[in-house]
Amino acid sequence: MEKDIYVLGIESSCDETSVSVVKNGREVLSNVIHSQIDIHKQFGGVVPEIASRNHVEAISTVTKEALLKAEINFNDIDVVACTYGPGLVGALLVGVAYAKGLSYALNKPLVGVNHIHGHIAANYITHKELQPPFLCMVISGGHTHLVHIKDYTDFEILGKTRDDAIGEAFDKVARVIGLSYPGGPKIDKLAKEGEANIELPHTYFDNLDFSFSGIKTAVLNLHHKNPEVNKPDLCASFEKTATDMLITNTKKAIEQLNIKKVALAGGVSANSYIRESYENLGKQMGIKIYYPELRLCTDNAAMIASAGYYDYINGNISDLTLNAIPNLKI
């Protein structure tokens, strides 16, 4: 590109209202996140209607703060990018409607971004040198996908979960053993106090698909039968078994593709045991492992602005008919 491209990114797919300004897809000038965790904690999970209302209340203020921190104004923005799926439909609509309004008022291009593409792009911000092709393990509350990133906008799904996403399994296990929402980080912390000495079922397929319903159900049944079971040991055993399933399929994909770069993406990529396991995999197989810094693992607008930049320079521009698609695929 002949000039620097400033992208205003908007993320509102679940319970974070976030706005960011990113320069040339990799340099974050601001990344403001307004979290609703404390609001939803009392309900044990995200309540969609409450999330939507809070997005409406927060989005203008968050946008102004993002511009202020980036030390630019609306006229300096070249592209408006927003998440349009997957996610909670009401929450998505807030961000999409706001982005469309900005695009129209400022006469700037609009780019609708796939939320999962955003999680993958978070690696471009943390690792300025990372370029496709590479393998990416997308692990979040709603997704477990093993993806071949052929180019910035060219993706091939090699395997995915047939039932629960890994993050969903983490949260349900946490809830049944009495840990508060969000459960994933609390399992990670408690597992450090225990040992992986409880045998839990592994689920493997002939292809690269995943399944976490079996291990989730096994943990739930075990706890119901024996509520006094050692919780740190149970967390450590669950975490190890679930990670083993990820590692097994990742190894297969590395060998099939003969690839030398593997990235993690999504909220569950913040898990310390999973990161350590992939680092060990990298040493064993002589490959480079990438993962976003912790603040970019969970939902944020910087990753959306980064993905939006690559969509924009590749000609993937939306118009004002853009709508929220809650079940949008990779």
# chains A, B, ... in the order shown; residues from 1 in each chain; ligands from 1
$ residues_around --residues "Asn75 in chain A" --least-positions-apart "3" --cutoff "9 Å" --atoms "only C-alpha atoms" --output "short mmCIF file (atom, residue, chain, number, x, y, z; two decimals) with N, CA and C atoms, in the first residue's frame"
data_model
loop_
_atom_site.label_atom_id
_atom_site.label_comp_id
_atom_site.auth_asym_id
_atom_site.auth_seq_id
_atom_site.Cartn_x
_atom_site.Cartn_y
_atom_site.Cartn_z
N ILE A 72 -6.07 10.28 17.42
CA ILE A 72 -6.55 10.62 16.08
C ILE A 72 -8.03 10.97 16.18
N ASP A 78 -9.45 5.24 7.93
CA ASP A 78 -9.59 4.84 6.52
C ASP A 78 -10.65 3.78 6.31
N LEU A 106 -19.17 8.89 7.75
CA LEU A 106 -17.80 9.29 7.44
C LEU A 106 -17.43 9.05 5.97
#
$ residues_around --residues "Ser103 in chain A" --least-positions-apart "5" --cutoff "8 Å" --atoms "only C-alpha atoms" --output "PyMOL selection string"
chain A and resi 79-80+108-110
$ write_last_selection --atoms "N, CA and C atoms" --output "compact mmCIF listing (two decimals), in the first residue's frame"
# COMPACT_ATOMS: atom_id res chain seq x y z
N VAL A 79 -10.84 2.90 7.30
CA VAL A 79 -11.75 1.76 7.17
C VAL A 79 -12.46 1.54 8.50
N VAL A 80 -13.74 1.18 8.44
CA VAL A 80 -14.49 0.78 9.64
C VAL A 80 -14.76 -0.72 9.54
N LYS A 108 -16.64 6.18 4.65
CA LYS A 108 -15.48 5.31 4.70
C LYS A 108 -15.90 3.87 4.39
N PRO A 109 -15.03 3.06 3.81
CA PRO A 109 -15.37 1.66 3.52
C PRO A 109 -15.73 0.89 4.78
N LEU A 110 -16.68 -0.03 4.63
CA LEU A 110 -17.13 -0.90 5.72
C LEU A 110 -16.66 -2.32 5.43
$ closest_atom_pairs --of "range 229-308 of chain A" --to "range 4-23 of chain A" --cutoff "10 Å" --atoms "only C-alpha atoms" --output "CSV"
residue,atom,partner,partner_atom,distance
A:Thr298,CA,A:Glu16,CA,9.1
A:Asp299,CA,A:Glu16,CA,6.6
A:Asn300,CA,A:Ser18,CA,5.5
A:Ala301,CA,A:Glu11,CA,4.9
A:Ala302,CA,A:Ser20,CA,5.1
A:Met303,CA,A:Gly9,CA,7.9
A:Ile304,CA,A:Gly9,CA,5.5
A:Ala305,CA,A:Gly9,CA,4.2
A:Ser306,CA,A:Val22,CA,6.6
A:Ala307,CA,A:Gly9,CA,9.2
A:Gly308,CA,A:Val7,CA,7.4
$ write_last_selection --atoms "N, CA and C atoms" --output "mmCIF file, in the first residue's frame"
data_model
loop_
_atom_site.group_PDB
_atom_site.id
_atom_site.type_symbol
_atom_site.label_atom_id
_atom_site.label_comp_id
_atom_site.auth_asym_id
_atom_site.auth_seq_id
_atom_site.Cartn_x
_atom_site.Cartn_y
_atom_site.Cartn_z
ATOM 1 N N THR A 298 -8.691 -13.106 24.609
ATOM 2 C CA THR A 298 -10.130 -12.941 24.765
ATOM 3 C C THR A 298 -10.638 -11.930 23.739
ATOM 4 N N ASP A 299 -11.950 -11.760 23.661
ATOM 5 C CA ASP A 299 -12.549 -10.899 22.646
ATOM 6 C C ASP A 299 -12.046 -9.463 22.764
ATOM 7 N N ASN A 300 -11.620 -8.906 21.652
ATOM 8 C CA ASN A 300 -11.138 -7.529 21.616
ATOM 9 C C ASN A 300 -11.253 -7.005 20.190
ATOM 10 N N ALA A 301 -11.230 -5.682 20.054
ATOM 11 C CA ALA A 301 -11.426 -5.084 18.734
ATOM 12 C C ALA A 301 -10.145 -4.974 17.919
ATOM 13 N N ALA A 302 -8.977 -5.061 18.583
ATOM 14 C CA ALA A 302 -7.717 -4.966 17.826
ATOM 15 C C ALA A 302 -7.602 -6.112 16.829
ATOM 16 N N MET A 303 -8.007 -7.311 17.256
ATOM 17 C CA MET A 303 -7.931 -8.465 16.350
ATOM 18 C C MET A 303 -8.910 -8.296 15.184
ATOM 19 N N ILE A 304 -10.053 -7.654 15.443
ATOM 20 C CA ILE A 304 -11.042 -7.418 14.384
ATOM 21 C C ILE A 304 -10.506 -6.392 13.390
ATOM 22 N N ALA A 305 -9.844 -5.359 13.900
ATOM 23 C CA ALA A 305 -9.255 -4.348 13.020
ATOM 24 C C ALA A 305 -8.139 -4.955 12.176
ATOM 25 N N SER A 306 -7.336 -5.858 12.783
ATOM 26 C CA SER A 306 -6.265 -6.514 12.038
ATOM 27 C C SER A 306 -6.829 -7.372 10.913
ATOM 28 N N ALA A 307 -7.805 -8.221 11.228
ATOM 29 C CA ALA A 307 -8.439 -9.052 10.204
ATOM 30 C C ALA A 307 -9.121 -8.185 9.151
ATOM 31 N N GLY A 308 -9.738 -7.090 9.611
ATOM 32 C CA GLY A 308 -10.407 -6.171 8.689
ATOM 33 C C GLY A 308 -9.444 -5.528 7.707
#
$ residues_around --residues "Leu158 in chain A" --least-positions-apart "6" --cutoff "8 Å" --atoms "only C-alpha atoms" --output "JSON, numbers by chain"
{"A": [145, 146, 147, 148, 208, 209, 253]}
$ write_last_selection --atoms "N, CA and C atoms" --output "PDB file, in the first residue's frame"
ATOM      1  N   HIS A 145     -11.495 -25.604  16.287  1.00  0.00           N
ATOM      2  CA  HIS A 145     -11.236 -25.803  14.865  1.00  0.00           C
ATOM      3  C   HIS A 145      -9.733 -25.873  14.616  1.00  0.00           C
ATOM      4  N   LEU A 146      -9.332 -26.852  13.832  1.00  0.00           N
ATOM      5  CA  LEU A 146      -7.962 -26.946  13.361  1.00  0.00           C
ATOM      6  C   LEU A 146      -7.967 -26.429  11.921  1.00  0.00           C
ATOM      7  N   VAL A 147      -7.286 -25.316  11.690  1.00  0.00           N
ATOM      8  CA  VAL A 147      -7.427 -24.594  10.421  1.00  0.00           C
ATOM      9  C   VAL A 147      -6.070 -24.420   9.740  1.00  0.00           C
ATOM     10  N   HIS A 148      -6.038 -24.671   8.444  1.00  0.00           N
ATOM     11  CA  HIS A 148      -4.857 -24.388   7.636  1.00  0.00           C
ATOM     12  C   HIS A 148      -5.005 -22.974   7.093  1.00  0.00           C
ATOM     13  N   LEU A 208      -9.501 -35.557  11.605  1.00  0.00           N
ATOM     14  CA  LEU A 208      -8.949 -34.596  12.562  1.00  0.00           C
ATOM     15  C   LEU A 208     -10.037 -33.904  13.381  1.00  0.00           C
ATOM     16  N   ASP A 209     -11.210 -34.514  13.491  1.00  0.00           N
ATOM     17  CA  ASP A 209     -12.288 -33.942  14.302  1.00  0.00           C
ATOM     18  C   ASP A 209     -12.049 -34.163  15.800  1.00  0.00           C
ATOM     19  N   ALA A 253      -1.867 -33.219  11.806  1.00  0.00           N
ATOM     20  CA  ALA A 253      -1.968 -32.176  10.784  1.00  0.00           C
ATOM     21  C   ALA A 253      -0.592 -31.671  10.370  1.00  0.00           C
TER      22      ALA A 253
END
$ closest_residue --among "A:Cys136, A:Leu130, A:Ala165, A:Ala51" --to "Leu92 in chain A" --atoms "only C-alpha atoms"
A:Ala51
$ select_by_dssp --residues "range 282-312 of chain A" --states "alpha helix (DSSP H)" --output "NGL selection string"
:A and (282-285 or 301-312)
$ write_last_selection --atoms "C-alpha atoms" --output "short mmCIF file (atom, residue, chain, number, x, y, z; two decimals), in the first residue's frame"
data_model
loop_
_atom_site.label_atom_id
_atom_site.label_comp_id
_atom_site.auth_asym_id
_atom_site.auth_seq_id
_atom_site.Cartn_x
_atom_site.Cartn_y
_atom_site.Cartn_z
CA GLY A 282 7.30 -27.36 19.14
CA LYS A 283 10.57 -28.54 20.70
CA GLN A 284 9.80 -32.19 19.94
CA MET A 285 8.91 -31.60 16.29
CA ALA A 301 -11.43 -5.08 18.73
CA ALA A 302 -7.72 -4.97 17.83
CA MET A 303 -7.93 -8.47 16.35
CA ILE A 304 -11.04 -7.42 14.38
CA ALA A 305 -9.25 -4.35 13.02
CA SER A 306 -6.26 -6.51 12.04
CA ALA A 307 -8.44 -9.05 10.20
CA GLY A 308 -10.41 -6.17 8.69
CA TYR A 309 -7.21 -4.66 7.29
CA TYR A 310 -6.34 -7.86 5.43
CA ASP A 311 -9.91 -8.19 4.15
CA TYR A 312 -9.79 -4.59 2.95
#
$ closest_atom_pairs --of "range 269-294 of chain A" --to "range 228-250 of chain A" --cutoff "12 Å" --atoms "only C-alpha atoms" --output "CSV"
residue,atom,partner,partner_atom,distance
A:Ser269,CA,A:Thr243,CA,10.9
A:Asn271,CA,A:Glu239,CA,9.3
A:Ser272,CA,A:Glu239,CA,10.2
A:Tyr273,CA,A:Glu239,CA,7.6
A:Ile274,CA,A:Thr243,CA,6.1
A:Arg275,CA,A:Thr243,CA,9.6
A:Glu276,CA,A:Thr243,CA,10.3
A:Ser277,CA,A:Thr243,CA,7.6
A:Tyr278,CA,A:Ile247,CA,7.3
A:Glu279,CA,A:Ile247,CA,10.8
A:Asn280,CA,A:Ile247,CA,10.2
A:Leu281,CA,A:Ile247,CA,7.7
A:Gly282,CA,A:Ile247,CA,10.6
A:Gln284,CA,A:Ile247,CA,11.9
A:Met285,CA,A:Thr250,CA,11.2
A:Ile287,CA,A:Thr250,CA,11.8
A:Ile289,CA,A:Thr250,CA,11.7
$ write_last_selection --atoms "N, CA and C atoms" --output "tab-separated table (two decimals), in the first residue's frame"
chain	number	residue	atom	x	y	z
A	269	SER	N	-6.81	-20.26	24.39
A	269	SER	CA	-5.36	-20.24	24.15
A	269	SER	C	-4.62	-19.50	25.26
A	271	ASN	N	-4.90	-20.49	28.30
A	271	ASN	CA	-4.64	-21.52	29.30
A	271	ASN	C	-3.15	-21.85	29.36
A	272	SER	N	-2.58	-21.78	30.55
A	272	SER	CA	-1.13	-21.94	30.70
A	272	SER	C	-0.67	-23.37	30.39
A	273	TYR	N	-1.47	-24.38	30.76
A	273	TYR	CA	-1.08	-25.77	30.49
A	273	TYR	C	-1.08	-26.05	28.99
A	274	ILE	N	-2.09	-25.54	28.29
A	274	ILE	CA	-2.16	-25.74	26.84
A	274	ILE	C	-0.96	-25.06	26.16
A	275	ARG	N	-0.63	-23.86	26.59
A	275	ARG	CA	0.53	-23.17	26.01
A	275	ARG	C	1.81	-23.96	26.23
A	276	GLU	N	1.99	-24.43	27.46
A	276	GLU	CA	3.19	-25.20	27.79
A	276	GLU	C	3.27	-26.48	26.96
A	277	SER	N	2.11	-27.13	26.79
A	277	SER	CA	2.07	-28.38	26.02
A	277	SER	C	2.44	-28.14	24.56
A	278	TYR	N	1.98	-27.02	23.99
A	278	TYR	CA	2.32	-26.71	22.61
A	278	TYR	C	3.79	-26.28	22.47
A	279	GLU	N	4.31	-25.62	23.48
A	279	GLU	CA	5.74	-25.28	23.46
A	279	GLU	C	6.57	-26.57	23.43
A	280	ASN	N	6.16	-27.55	24.23
A	280	ASN	CA	6.87	-28.84	24.24
A	280	ASN	C	6.73	-29.54	22.90
A	281	LEU	N	5.55	-29.44	22.29
A	281	LEU	CA	5.34	-30.03	20.96
A	281	LEU	C	6.29	-29.39	19.95
A	282	GLY	N	6.42	-28.07	20.04
A	282	GLY	CA	7.30	-27.36	19.14
A	282	GLY	C	8.74	-27.84	19.25
A	284	GLN	N	9.72	-30.80	20.38
A	284	GLN	CA	9.80	-32.19	19.94
A	284	GLN	C	9.85	-32.31	18.41
A	285	MET	N	9.06	-31.46	17.73
A	285	MET	CA	8.91	-31.60	16.29
A	285	MET	C	9.71	-30.57	15.49
A	287	ILE	N	9.29	-27.23	15.35
A	287	ILE	CA	8.44	-26.23	14.71
A	287	ILE	C	8.30	-25.02	15.63
A	289	ILE	N	6.07	-22.24	17.53
A	289	ILE	CA	4.73	-22.09	18.11
A	289	ILE	C	4.45	-20.61	18.36
